[in-house]
Amino acid sequence: MPIIRKISPKMILGILLCIALAYSFWFSPSWLQLCYGLALFLFGMQCIEEGLHNAAGGTLERLMEKTTASPQKGLLFGIFATFILQSSTLVSLLTIAFLSTGLITLAGGIAVLLGTNLGATSGIWLLALAGQSISLSPIAIPILVFGILASFFNKKTKAIGRVLVGISLIFLGIDAIKSGFHDIGGQVDFANIQVSGPAEIAIFTGIGLLLTLVLQSSHATLILTLAALAGGQISIGQGFAIAIGSNVGSSASTAFVGMFSSERNGQRLALAHLIFNCVTAILSLILWLPLTRFVTYTADFTGLNSLLQLALFHTLFNLLGLAAFWKIQQPFAAHLRKWLPDKAKQELQPERTSKFKPLYLHENMLRSGDTALRALFKEIRHLNDLGVEVICHALYVPADQLDALCATREMPPPEQKLELNVQSFYDAEIKPLYSSILEFASKVKLDSHENDYQEPMSTAHLAAFKTVEIIKESKHLQKNMHIVLSDPESPVFPDYMALRAKLMNILCLYHHTLPLAADESQWGEQSEQIQLMQQSIDEIEAMREQAFSQLRQGLLTSWQVSSLMNDINYARFIGNGLLEILQTAGKELA
């Protein structure tokens, strides 16, 4: 019997859109030419982004880490990165990913975003300088040939070839767009539209916003605007308004991705980008007359054509936004933290039926290998923190009082009503989170520096696996803990209380030592704590001889000693597992 798959509304909408486009192509070859050019332009930009990213490997991440120490450096990085990648949206999303993994600060991310808006103007200047009369196809064809040839060699040259193919497709796309607008010229003419004044500005600002949201590229919107401006379909004022709308549209699409695919800091930066571009647009509209008149006077004095006037206006209103926000970056960051406070920490709850959601494993983190690895280790730390809570539950120690208990080293008596809950925690919380970590790790792109990522990826897998194994051992340990600690009159009760205290001591040492791994100046203290952990593990092992001694003396039965031996083994495994995580992955998890 054939399986009928349910068709989603999104798929139906896509099919209807394709049918409508095909129908329009049949009746308007010039419209087909325009869409063909736009498709080449957008795909060319994707090729450049992918090729540069693969060729650079982790260079961009390392460069950002070094160049965002001050607002000035962050601004220059944003300008430089956007000039090279020619995509303010890509740089913005990468910045959000870097911030989400702790690579940069929120204020540093704001400085980078200010730079991306200025960097985006470089592409408009290049396109405007190329002009409408110059055909780029003669240059594009040999570049395309060389790009395809380069793709047959090693991984590095293949990435460079991808960039060359992208450049050639953009050149071919620009020529096709110009040709399409030339053919449509007699059919569409917005320059003589009846609406004027503020209403006209508002309409064309909205057009720029919608076009950018649909095309997901302000560059694509502006190349269409340049072509329409050169073809006489729109006036220079209408082009200015579209440019303002395209700026807001690029930040809106970035904000949508950032808000739904990042942790709190990434969401703050996405909101900052949207606020920055919206405020810049409002200021530009308020100062519309001074800005446009300045451009007109400059054009009259220097002889700038309409295309270069659009590029100048685009630069001016981005400089206006930079001037408005430059001095308030730190207060702006403080307000963002207030508007979007940190989320409450997820805690293990027996009554929960929904699965734990990962805190850091968002699709946006997969845009680069370094950010993906950082996000992966932060999520494994999240898993590890939950694992520590599970061990507390297995020992019947209040997990929410762990810091206080470790400070005083006073073990509270077992709770009056003991529950077997580690298995439910594992099924509902730990296992789904571990599955999410494995799924995310399988999607990490190692780019051209694959060998550099092999060791940290192995470390990540080991840390996650060890954490899960420790929790499984805690599940077994809790069974006998539940039986014996529920009966204080049991002969083996003192032994389990001692085992509980020793394992809790190891847990406290681990809890205290893990944060020290991130600071080289604390490594001496970390080494001492590790030695203490090893001593505590040895003390647990020494409990075997004590158990045999009690068996020989008739103080315990063979059944009780057998159970105690198994639980000593579980406790020793937990201790050794924590020690191994600390020694192999402590620096990455700290």
# chains A, B, ... in the order shown; residues from 1 in each chain; ligands from 1
call {"tool": "residues_around", "arguments": {"residues": "segment 400-404 of chain A", "least_positions_apart": "6", "cutoff": "10 Å", "atoms": "only C-alpha atoms", "output": "ChimeraX atom specification"}}
result
/A:347,388-389,392,410,504,507-508,511-512
call {"tool": "residues_around", "arguments": {"residues": "Gln309 of chain A", "least_positions_apart": "6", "cutoff": "9 Å", "atoms": "only C-alpha atoms", "output": "list of chain:residue names"}}
result
A:Ala128, A:Ile236, A:Phe240, A:Val295, A:Thr296, A:Thr298, A:Ala299
call {"tool": "closest_residue", "arguments": {"among": "A:Ala81, A:Ala97, A:Glu50, A:Thr105", "to": "Leu164 of chain A", "atoms": "only C-alpha atoms"}}
result
A:Glu50
call {"tool": "select_by_dssp", "arguments": {"residues": "segment 313-417 of chain A", "states": "alpha helix (DSSP H)", "output": "PyMOL selection string"}}
result
chain A and resi 313-325+329-339+369-394+402-408
call {"tool": "write_last_selection", "arguments": {"atoms": "C-alpha atoms", "output": "mmCIF file, in the first residue's frame"}}
result
data_model
loop_
_atom_site.group_PDB
_atom_site.id
_atom_site.type_symbol
_atom_site.label_atom_id
_atom_site.label_comp_id
_atom_site.auth_asym_id
_atom_site.auth_seq_id
_atom_site.Cartn_x
_atom_site.Cartn_y
_atom_site.Cartn_z
ATOM 1 C CA PHE A 313 23.141 58.804 -0.188
ATOM 2 C CA HIS A 314 23.466 55.174 0.990
ATOM 3 C CA THR A 315 26.818 56.031 2.600
ATOM 4 C CA LEU A 316 25.542 59.241 4.180
ATOM 5 C CA PHE A 317 22.596 57.740 6.021
ATOM 6 C CA ASN A 318 24.739 54.868 7.297
ATOM 7 C CA LEU A 319 27.250 57.415 8.602
ATOM 8 C CA LEU A 320 24.316 59.192 10.240
ATOM 9 C CA GLY A 321 23.384 55.993 12.094
ATOM 10 C CA LEU A 322 27.006 55.442 13.133
ATOM 11 C CA ALA A 323 27.214 58.981 14.530
ATOM 12 C CA ALA A 324 23.980 58.459 16.497
ATOM 13 C CA PHE A 325 25.060 55.174 18.134
ATOM 14 C CA GLN A 329 27.415 51.479 22.711
ATOM 15 C CA GLN A 330 27.933 50.510 26.369
ATOM 16 C CA PRO A 331 24.624 52.032 27.624
ATOM 17 C CA PHE A 332 22.867 50.476 24.624
ATOM 18 C CA ALA A 333 24.294 47.059 25.560
ATOM 19 C CA ALA A 334 23.125 47.554 29.163
ATOM 20 C CA HIS A 335 19.594 48.357 27.979
ATOM 21 C CA LEU A 336 19.575 45.264 25.749
ATOM 22 C CA ARG A 337 20.431 43.107 28.779
ATOM 23 C CA LYS A 338 17.573 44.761 30.645
ATOM 24 C CA TRP A 339 15.081 44.280 27.802
ATOM 25 C CA GLY A 369 33.543 25.386 12.399
ATOM 26 C CA ASP A 370 34.915 27.392 15.331
ATOM 27 C CA THR A 371 31.552 28.727 16.483
ATOM 28 C CA ALA A 372 29.976 25.289 16.059
ATOM 29 C CA LEU A 373 32.653 23.744 18.290
ATOM 30 C CA ARG A 374 32.249 26.448 20.907
ATOM 31 C CA ALA A 375 28.478 25.979 20.907
ATOM 32 C CA LEU A 376 28.959 22.220 21.146
ATOM 33 C CA PHE A 377 31.200 22.491 24.220
ATOM 34 C CA LYS A 378 28.831 24.974 25.883
ATOM 35 C CA GLU A 379 25.949 22.537 25.388
ATOM 36 C CA ILE A 380 28.049 19.668 26.737
ATOM 37 C CA ARG A 381 28.759 21.857 29.785
ATOM 38 C CA HIS A 382 24.982 22.270 30.095
ATOM 39 C CA LEU A 383 24.614 18.481 29.911
ATOM 40 C CA ASN A 384 27.418 18.115 32.450
ATOM 41 C CA ASP A 385 25.738 20.511 34.886
ATOM 42 C CA LEU A 386 22.548 18.484 34.608
ATOM 43 C CA GLY A 387 24.627 15.347 35.207
ATOM 44 C CA VAL A 388 25.949 16.797 38.463
ATOM 45 C CA GLU A 389 22.361 17.452 39.532
ATOM 46 C CA VAL A 390 21.433 13.854 38.721
ATOM 47 C CA ILE A 391 24.275 12.556 40.907
ATOM 48 C CA CYS A 392 22.957 14.744 43.720
ATOM 49 C CA HIS A 393 19.527 13.155 43.303
ATOM 50 C CA ALA A 394 21.120 9.693 43.306
ATOM 51 C CA LEU A 402 25.164 22.181 46.127
ATOM 52 C CA ASP A 403 27.264 25.371 46.415
ATOM 53 C CA ALA A 404 26.394 25.864 50.064
ATOM 54 C CA LEU A 405 26.980 22.192 50.923
ATOM 55 C CA CYS A 406 30.341 22.172 49.162
ATOM 56 C CA ALA A 407 31.373 25.319 51.034
ATOM 57 C CA THR A 408 30.588 23.835 54.469
#
call {"tool": "residues_around", "arguments": {"residues": "Gly161 of chain A", "least_positions_apart": "4", "cutoff": "8 Å", "atoms": "only C-alpha atoms", "output": "list in words"}}
result
Gly51, Phe146, Gly147, Ile148, Leu149, Ala150, Ser151, Thr157 and Val165 of chain A
call {"tool": "write_last_selection", "arguments": {"atoms": "N, CA and C atoms", "output": "compact mmCIF listing (two decimals), in the first residue's frame"}}
result
# COMPACT_ATOMS: atom_id res chain seq x y z
N GLY A 51 32.60 29.95 -0.86
CA GLY A 51 34.00 29.78 -1.25
C GLY A 51 34.95 30.49 -0.31
N PHE A 146 38.08 29.86 -15.57
CA PHE A 146 39.15 29.62 -14.59
C PHE A 146 38.58 29.08 -13.27
N GLY A 147 37.41 29.57 -12.88
CA GLY A 147 36.77 29.10 -11.65
C GLY A 147 36.42 27.63 -11.73
N ILE A 148 35.88 27.21 -12.86
CA ILE A 148 35.51 25.80 -13.03
C ILE A 148 36.75 24.92 -13.07
N LEU A 149 37.81 25.39 -13.75
CA LEU A 149 39.06 24.62 -13.80
C LEU A 149 39.65 24.44 -12.40
N ALA A 150 39.61 25.51 -11.59
CA ALA A 150 40.17 25.44 -10.24
C ALA A 150 39.44 24.42 -9.37
N SER A 151 38.18 24.16 -9.68
CA SER A 151 37.39 23.24 -8.85
C SER A 151 37.82 21.78 -9.03
N THR A 157 41.98 25.09 -3.65
CA THR A 157 41.74 25.71 -4.96
C THR A 157 40.28 25.57 -5.38
N VAL A 165 33.71 31.52 -9.65
CA VAL A 165 32.42 31.22 -10.29
C VAL A 165 31.36 32.19 -9.78
